[in-house]
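Undergrad: Take a look at start_33.cif, mmCIF, C-alpha atoms:
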```cif
data_coords
loop_
_atom_site.label_atom_id
_atom_site.label_comp_id
_atom_site.auth_asym_id
_atom_site.auth_seq_id
_atom_site.Cartn_x
_atom_site.Cartn_y
_atom_site.Cartn_z
CA MET B 1 -71.34 174.51 -28.85
CA ALA B 2 -74.94 175.15 -28.00
CA ASN B 3 -76.79 178.45 -28.13
CA LYS B 4 -77.26 178.36 -24.38
CA PRO B 5 -76.41 181.77 -22.89
CA THR B 6 -73.57 181.98 -20.42
CA SER B 7 -72.92 184.46 -17.64
CA ARG B 8 -71.39 186.85 -20.16
CA SER B 9 -74.01 186.46 -22.89
CA ARG B 10 -76.57 189.11 -23.62
CA PRO B 11 -80.05 188.49 -25.10
CA GLN B 12 -80.35 189.29 -28.78
CA GLN B 13 -82.96 191.48 -30.40
CA PRO B 14 -86.06 189.47 -31.30
CA GLY B 15 -86.31 188.44 -34.92
CA ASN B 16 -82.69 189.26 -35.80
CA ASP B 17 -80.15 186.61 -34.85
CA ASP B 18 -77.32 188.66 -36.33
CA ALA B 19 -78.05 191.82 -34.33
CA PRO B 20 -75.46 192.88 -31.78
CA ALA B 21 -75.98 191.25 -28.41
CA GLY B 22 -78.24 193.24 -26.15
CA GLY B 23 -78.93 195.71 -28.94
CA ARG B 24 -75.35 196.96 -28.73
CA THR B 25 -74.58 199.02 -31.82
CA GLU B 26 -70.86 199.61 -31.33
CA SER B 27 -69.76 196.25 -32.66
CA ARG B 28 -68.04 194.85 -35.71
CA LEU B 29 -67.26 191.44 -37.13
CA ILE B 30 -63.87 189.80 -37.40
CA TYR B 31 -63.30 186.42 -38.99
CA GLY B 32 -60.76 183.69 -39.58
CA PHE B 33 -58.98 181.58 -36.97
CA HIS B 34 -55.94 183.86 -36.74
CA ALA B 35 -58.02 186.95 -35.97
CA VAL B 36 -60.57 185.30 -33.69
CA LEU B 37 -58.12 183.25 -31.63
CA GLY B 38 -55.88 186.28 -31.26
CA LYS B 39 -58.77 188.40 -30.02
CA LEU B 40 -59.91 185.71 -27.56
CA ARG B 41 -56.40 185.48 -26.14
CA ARG B 42 -55.52 189.18 -26.02
CA ASP B 43 -58.82 190.89 -25.31
CA PRO B 44 -61.58 188.37 -24.43
CA GLU B 45 -63.76 190.98 -22.73
CA ALA B 46 -64.22 192.69 -26.11
CA VAL B 47 -65.73 189.53 -27.70
CA PHE B 48 -69.53 189.64 -27.46
CA GLU B 49 -70.34 186.37 -29.25
CA LEU B 50 -68.82 183.83 -31.56
CA TYR B 51 -70.30 182.10 -34.62
CA LEU B 52 -68.82 178.74 -35.59
CA SER B 53 -69.66 176.64 -38.62
CA SER B 54 -71.56 173.52 -37.63
CA SER B 55 -69.44 171.53 -40.09
CA ARG B 56 -66.12 172.34 -38.39
CA THR B 57 -64.89 169.60 -36.06
CA ASP B 58 -61.14 169.90 -36.61
CA ALA B 59 -58.42 170.77 -34.09
CA ARG B 60 -58.48 174.51 -34.82
CA SER B 61 -62.21 174.78 -34.23
CA LYS B 62 -61.82 172.82 -31.00
CA ASP B 63 -59.19 175.33 -29.90
CA VAL B 64 -61.68 178.13 -30.50
CA VAL B 65 -64.42 176.33 -28.58
CA ARG B 66 -62.13 175.54 -25.66
CA LEU B 67 -60.90 179.12 -25.39
CA ALA B 68 -64.37 180.63 -25.82
CA GLU B 69 -65.79 178.38 -23.13
CA ALA B 70 -62.95 179.27 -20.77
CA GLN B 71 -63.68 182.98 -21.34
CA LYS B 72 -67.47 182.39 -21.10
CA VAL B 73 -68.09 183.80 -24.55
CA ARG B 74 -71.49 182.98 -26.07
CA MET B 75 -71.16 180.57 -29.00
CA ILE B 76 -73.64 180.07 -31.84
CA GLN B 77 -73.54 177.28 -34.39
CA ALA B 78 -74.32 178.43 -37.92
CA GLU B 79 -74.41 177.06 -41.44
CA SER B 80 -71.69 178.20 -43.83
CA ASP B 81 -74.07 180.16 -46.07
CA ARG B 82 -75.20 182.22 -43.10
CA LEU B 83 -71.59 183.00 -42.24
CA ASP B 84 -70.97 183.94 -45.89
CA GLY B 85 -73.80 186.45 -45.72
CA MET B 86 -72.63 187.96 -42.44
CA VAL B 87 -69.22 189.02 -43.75
CA GLY B 88 -69.77 189.00 -47.51
CA THR B 89 -67.02 186.47 -48.23
CA ARG B 90 -66.33 182.75 -47.98
CA ARG B 91 -62.88 183.34 -46.51
CA HIS B 92 -64.11 183.30 -42.90
CA GLN B 93 -62.81 179.72 -42.36
CA GLY B 94 -66.01 178.90 -40.50
CA VAL B 95 -65.48 181.24 -37.56
CA ILE B 96 -66.73 184.78 -36.97
CA ALA B 97 -66.69 186.88 -33.82
CA ARG B 98 -68.71 189.97 -32.98
CA VAL B 99 -66.44 192.29 -31.06
CA ASP B 100 -66.47 195.71 -29.48
CA ALA B 101 -65.92 198.30 -32.22
CA ARG B 102 -64.11 200.61 -29.86
CA SER B 103 -60.43 200.02 -30.37
CA ARG B 104 -57.91 199.83 -27.58
CA ASP B 105 -54.20 200.42 -27.83
CA LEU B 106 -52.50 197.11 -28.43
CA LYS B 107 -49.16 196.67 -26.71
CA LEU B 108 -46.27 194.65 -28.07
CA ALA B 109 -46.39 192.50 -24.94
CA ASP B 110 -50.01 191.64 -25.77
CA VAL B 111 -48.70 189.86 -28.86
CA LEU B 112 -45.48 188.38 -27.49
CA ASP B 113 -47.13 186.97 -24.37
CA VAL B 114 -49.67 184.81 -26.22
CA LEU B 115 -47.53 183.32 -28.99
CA GLU B 116 -47.72 179.55 -29.24
CA GLU B 117 -45.25 179.21 -32.11
CA ASN B 118 -42.09 180.92 -33.27
CA ALA B 119 -42.79 184.59 -33.81
CA LEU B 120 -43.04 186.08 -37.30
CA ILE B 121 -43.36 189.86 -37.05
CA LEU B 122 -43.27 192.61 -39.67
CA VAL B 123 -41.87 195.96 -38.53
CA LEU B 124 -42.41 199.06 -40.68
CA ASP B 125 -39.94 201.86 -40.02
CA GLY B 126 -41.89 204.98 -40.98
CA VAL B 127 -44.06 203.94 -43.94
CA GLN B 128 -45.91 207.07 -45.04
CA ASP B 129 -48.25 205.85 -47.79
CA PRO B 130 -51.58 204.38 -46.55
CA HIS B 131 -51.80 202.20 -49.67
CA ASN B 132 -48.43 200.68 -48.82
CA LEU B 133 -49.49 200.12 -45.21
CA GLY B 134 -52.70 198.41 -46.31
CA ALA B 135 -50.79 196.23 -48.77
CA CYS B 136 -48.26 195.30 -46.05
CA LEU B 137 -51.11 194.23 -43.77
CA ARG B 138 -52.50 192.01 -46.54
CA VAL B 139 -49.08 190.44 -47.07
CA ALA B 140 -48.63 189.92 -43.33
CA ASP B 141 -52.03 188.23 -43.14
CA ALA B 142 -51.27 185.98 -46.10
CA ALA B 143 -47.94 184.92 -44.59
CA GLY B 144 -49.46 184.27 -41.17
CA ALA B 145 -47.45 186.99 -39.45
CA HIS B 146 -48.33 187.48 -35.80
CA ALA B 147 -48.22 191.29 -35.85
CA VAL B 148 -47.29 194.41 -37.77
CA VAL B 149 -45.39 196.95 -35.68
CA ALA B 150 -44.90 200.60 -36.59
CA PRO B 151 -43.92 203.86 -34.86
CA LYS B 152 -46.63 206.32 -33.85
CA ASP B 153 -44.71 209.28 -35.25
CA ARG B 154 -43.49 209.78 -38.80
CA ALA B 155 -45.74 207.00 -40.05
CA VAL B 156 -49.12 207.04 -41.76
CA GLY B 157 -51.18 205.21 -39.14
CA LEU B 158 -54.12 202.92 -39.70
CA ASN B 159 -56.48 205.35 -41.43
CA ALA B 160 -59.54 204.60 -43.55
CA THR B 161 -57.54 204.24 -46.77
CA ALA B 162 -55.13 201.76 -45.23
CA VAL B 163 -58.02 199.72 -43.77
CA LYS B 164 -59.77 199.60 -47.14
CA VAL B 165 -56.63 198.53 -49.02
CA ALA B 166 -55.96 195.89 -46.37
CA SER B 167 -59.22 194.16 -47.38
CA GLY B 168 -59.94 192.71 -43.95
CA ALA B 169 -56.34 192.19 -42.86
CA ALA B 170 -56.54 195.18 -40.52
CA ASP B 171 -58.78 193.00 -38.35
CA SER B 172 -56.90 189.74 -38.79
CA VAL B 173 -53.36 190.97 -38.08
CA PRO B 174 -52.61 192.80 -34.81
CA TYR B 175 -51.33 196.31 -35.61
CA VAL B 176 -49.11 197.64 -32.83
CA THR B 177 -47.93 201.24 -32.70
CA VAL B 178 -44.98 202.12 -30.48
CA THR B 179 -43.55 205.43 -29.29
CA ASN B 180 -39.93 204.27 -29.63
CA LEU B 181 -39.20 201.77 -32.37
CA ALA B 182 -35.64 200.97 -31.26
CA ARG B 183 -36.92 200.20 -27.76
CA ALA B 184 -39.61 197.94 -29.24
CA LEU B 185 -36.97 196.07 -31.24
CA ARG B 186 -34.95 195.55 -28.07
CA GLU B 187 -38.09 194.26 -26.34
CA MET B 188 -38.46 191.69 -29.11
CA GLN B 189 -34.82 190.72 -28.77
CA GLU B 190 -35.23 190.23 -25.02
CA ALA B 191 -38.15 187.91 -25.83
CA GLY B 192 -35.87 185.81 -28.04
CA VAL B 193 -36.87 187.28 -31.42
CA TRP B 194 -34.08 187.66 -34.00
CA VAL B 195 -34.43 191.10 -35.61
CA VAL B 196 -33.42 191.35 -39.27
CA GLY B 197 -33.36 194.61 -41.21
CA ALA B 198 -33.89 194.66 -44.97
CA ALA B 199 -31.09 196.68 -46.57
CA GLY B 200 -29.84 196.67 -50.13
CA GLU B 201 -26.18 197.02 -49.13
CA ALA B 202 -26.22 193.97 -46.81
CA GLU B 203 -23.81 191.14 -47.56
CA LYS B 204 -26.20 188.27 -46.85
CA SER B 205 -29.35 187.65 -48.86
CA VAL B 206 -32.75 186.91 -47.40
CA TYR B 207 -32.27 183.30 -48.49
CA GLU B 208 -29.13 182.92 -46.36
CA ILE B 209 -30.77 184.04 -43.11
CA ASP B 210 -31.94 181.28 -40.77
CA GLN B 211 -35.62 182.04 -40.17
CA LYS B 212 -36.73 178.83 -38.54
CA GLY B 213 -36.75 180.47 -35.12
CA PRO B 214 -38.57 183.63 -33.95
CA VAL B 215 -37.93 186.44 -36.47
CA ALA B 216 -38.93 190.06 -36.94
CA TRP B 217 -38.36 191.62 -40.36
CA VAL B 218 -37.78 195.39 -40.36
CA MET B 219 -38.65 197.32 -43.53
CA GLY B 220 -37.61 200.91 -44.13
CA ALA B 221 -39.68 203.82 -45.36
CA GLU B 222 -40.34 204.44 -49.03
CA GLY B 223 -37.20 205.80 -50.68
CA GLU B 224 -35.30 206.33 -47.42
CA GLY B 225 -34.82 202.85 -46.08
CA LEU B 226 -34.04 202.09 -42.47
CA ARG B 227 -33.23 204.92 -40.10
CA ARG B 228 -29.76 204.86 -38.53
CA LEU B 229 -30.84 203.87 -35.02
CA THR B 230 -33.19 201.22 -36.37
CA ARG B 231 -30.42 199.79 -38.51
CA GLU B 232 -27.99 199.73 -35.59
CA THR B 233 -30.50 197.96 -33.35
CA CYS B 234 -31.10 195.08 -35.77
CA ASP B 235 -29.27 191.82 -35.08
CA GLU B 236 -28.29 191.60 -38.72
CA LEU B 237 -29.12 192.97 -42.14
CA ALA B 238 -30.14 191.10 -45.27
CA LYS B 239 -30.83 192.01 -48.88
CA ILE B 240 -33.20 190.83 -51.55
CA PRO B 241 -31.09 189.91 -54.60
CA MET B 242 -31.91 192.31 -57.45
CA LEU B 243 -31.16 190.84 -60.87
CA GLY B 244 -32.75 193.47 -63.10
CA THR B 245 -32.32 197.19 -63.60
CA VAL B 246 -34.56 198.50 -60.79
CA GLU B 247 -32.80 199.41 -57.56
CA SER B 248 -35.56 198.68 -55.07
CA LEU B 249 -38.97 197.08 -54.56
CA ASN B 250 -42.21 198.39 -53.11
CA VAL B 251 -42.21 197.86 -49.35
CA SER B 252 -45.16 195.47 -49.50
CA VAL B 253 -43.49 193.36 -52.19
CA ALA B 254 -40.26 193.25 -50.18
CA SER B 255 -42.23 192.32 -47.06
CA GLY B 256 -43.88 189.45 -48.90
CA ILE B 257 -40.58 188.04 -50.13
CA CYS B 258 -39.05 188.08 -46.64
CA LEU B 259 -42.08 186.74 -44.77
CA PHE B 260 -42.80 183.97 -47.22
CA GLU B 261 -39.15 182.90 -47.17
CA ALA B 262 -39.58 182.47 -43.41
CA ARG B 263 -42.66 180.31 -44.04
CA ARG B 264 -40.80 178.28 -46.66
CA GLN B 265 -37.96 177.56 -44.24
CA ARG B 266 -40.46 176.54 -41.59
CA GLY B 267 -42.10 174.07 -43.92
CA GLY B 268 -45.18 176.05 -44.83
#
```
Re-express the file's structure as structure tokens.

TA:
Amino acid sequence: MANKPTSRSRPQQPGNDDAPAGGRTESRLIYGFHAVLGKLRRDPEAVFELYLSSSRTDARSKDVVRLAEAQKVRMIQAESDRLDGMVGTRRHQGVIARVDARSRDLKLADVLDVLEENALILVLDGVQDPHNLGACLRVADAAGAHAVVAPKDRAVGLNATAVKVASGAADSVPYVTVTNLARALREMQEAGVWVVGAAGEAEKSVYEIDQKGPVAWVMGAEGEGLRRLTRETCDELAKIPMLGTVESLNVSVASGICLFEARRQRGG
């Protein structure tokens, strides 16, 4: 993990180690192992350089080093306080990547093809409120979900409000938009993912669904729930037991309950 440039490295601006490589201005920082490893696997050409804490010698950091070296990404060792200052938080886990700020459309296959563990995917069927979308991204990040999938039409999209509410999760969790949600669900099913729709009228509860294998949870829009075709495409439906007087939960709260139940069943 030396600072030695590789064939893909670019010289930095003198006197500013944190400047974009080669003076490139269209860059941004992403951090955390989930976000950085995902970017290295899905879109390595967009990774300009990688900063890794000099104190990290564990298996996850070795995975980052191995993958970065294979992709010829420039690596820089840095002290933790420097990393703190770069992103304004200590939650970087000791790894930060400077990436191309220009976004590219992420395909569902980009996510499914690089999974190294049983999939955990959150699907949002037409969420309209950017605050709800941002909160769902935060929940997905916290639960270690591999992606959030949503339709391009009749959904809010990842706008500035959603990104702000997500508090960094918009960079750490792949956000995939699809033109046909039912087709995307079938693509997941063909890849071996069990698709479960959250519906209040379902007979089974979320706690009765086996989530140890690959699972995608589908959440309906605010107030409307799952659309008919989405509901029919799901492998099964499940409900969150409601013991009080309210009839439904906010979509981000419901997402958290379902995703974290999957993590509980998987032992963490």

Undergrad: What's around Val251 in chain B at 9 Å? Count only C-alpha atoms, leave out sequence neighbours fewer than 2 positions away in its own chain, and write the answer as a ChimeraX atom specification.

TA: /B:124,127,132-133,135-136,219-222,248-249,253-256

Undergrad: So what do you get for CA of Thr177 in chain B versus CA of Arg154 in chain B, distance-wise?

TA: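 Taking CA of Thr177 in chain B as the start and CA of Arg154 in chain B as the end point, the length is 11.4 Å.
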
Undergrad: Rounded to one decimal in Å, what is the spacing between CA of Trp217 in chain B and CA of Val246 in chain B?

TA: 21.9 Å

Undergrad: Could you write out as a ChimeraX atom specification the residues that the PyMOL selection byres ((chain B and resi 27-32) around 12) matches in the shown file?

TA: /B:18-26,33-40,46-53,60-61,64,83-103,141-142,144,167-174

Undergrad: Considering all atoms listed in the file, can you say which of B:Gly157, B:Pro44, B:Pro151, B:Gly200 comes closest to Ile240 in chain B?

TA: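 Once distances to Ile240 in chain B are computed over all atoms listed in the file, the minimum belongs to B:Gly200.
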
Undergrad: Would you compute the distance between CA of Ala68 in chain B and CA of Ser55 in chain B? Give it in Å to one decimal.

TA: 17.7 Å

Undergrad: Could you give me, as a ChimeraX atom specification, the residues that have an atom at most 10 Å away from the point (-52.3, 204.8, -46.2) in the coordinates of the file, using only C-alpha atoms?

TA: /B:127-135,155-166

Undergrad: Which residue, B:Glu79, B:Glu116, B:Gln265, B:Tyr175, has the smallest gap to Arg138 in chain B when you use all atoms listed in the file?

TA: B:Tyr175

Undergrad: Just so the selection is clear, what residues does the PyMOL selection byres ((chain B and resi 203) around 10) cover here, as a list in words?

TA: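 So the PyMOL selection byres ((chain B and resi 203) around 10) ends up selecting Ala199, Gly200, Glu201, Ala202, Lys204, Ser205, Val206, Glu208, Glu236, Leu237, Ala238 and Lys239 of chain B.
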
Undergrad: At a cut-off of 12 Å from (-40.2, 198.2, -30.7) in the coordinates of the file, what residues are picked up using only C-alpha atoms, written as a count of residues only?

TA: 40

Undergrad: Quick one: of B:Asn250, B:Ala70, B:Asp43, B:Asp105, who's nearest to Glu224 in chain B, counting all atoms listed in the file?

TA: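 Once distances to Glu224 in chain B are computed over all atoms listed in the file, the minimum belongs to B:Asn250.
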
Undergrad: Please give the centre and size of the box around range 182-185 of chain B (axis-aligned, containing every atom listed in the file, 3 Å added per side), with values in Å to one decimal and written as lines of an AutoDock Vina configuration file.

TA:
```
center_x = -37.6
center_y = 198.5
center_z = -29.5
size_x = 10.0
size_y = 10.9
size_z = 9.5
```

Undergrad: Can you tell me which residues surround Glu261 in chain B at a distance of at most 10 Å, considering only C-alpha atoms, apart from same-chain residues fewer than 2 positions away, and format the answer as a PDB file with C-alpha atoms, in the coordinates of the input?

TA:
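In the end it all went to out.pdb:
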```pdb
ATOM      1  CA  ALA B 143     -47.940 184.920 -44.590  1.00  0.00           C
ATOM      2  CA  VAL B 206     -32.750 186.910 -47.400  1.00  0.00           C
ATOM      3  CA  TYR B 207     -32.270 183.300 -48.490  1.00  0.00           C
ATOM      4  CA  ILE B 209     -30.770 184.040 -43.110  1.00  0.00           C
ATOM      5  CA  ASP B 210     -31.940 181.280 -40.770  1.00  0.00           C
ATOM      6  CA  GLN B 211     -35.620 182.040 -40.170  1.00  0.00           C
ATOM      7  CA  LYS B 212     -36.730 178.830 -38.540  1.00  0.00           C
ATOM      8  CA  SER B 255     -42.230 192.320 -47.060  1.00  0.00           C
ATOM      9  CA  GLY B 256     -43.880 189.450 -48.900  1.00  0.00           C
ATOM     10  CA  ILE B 257     -40.580 188.040 -50.130  1.00  0.00           C
ATOM     11  CA  CYS B 258     -39.050 188.080 -46.640  1.00  0.00           C
ATOM     12  CA  LEU B 259     -42.080 186.740 -44.770  1.00  0.00           C
ATOM     13  CA  ARG B 263     -42.660 180.310 -44.040  1.00  0.00           C
ATOM     14  CA  ARG B 264     -40.800 178.280 -46.660  1.00  0.00           C
ATOM     15  CA  GLN B 265     -37.960 177.560 -44.240  1.00  0.00           C
ATOM     16  CA  ARG B 266     -40.460 176.540 -41.590  1.00  0.00           C
ATOM     17  CA  GLY B 267     -42.100 174.070 -43.920  1.00  0.00           C
ATOM     18  CA  GLY B 268     -45.180 176.050 -44.830  1.00  0.00           C
TER      19      GLY B 268
END
```

Undergrad: Select, from B:Ser54, B:Arg82, B:Arg41, B:Asp153, the residue with the minimum atom-to-atom distance to Val111 in chain B, counting all atoms listed in the file.

TA: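 The shortest atom-to-atom distance to Val111 in chain B comes from B:Arg41.
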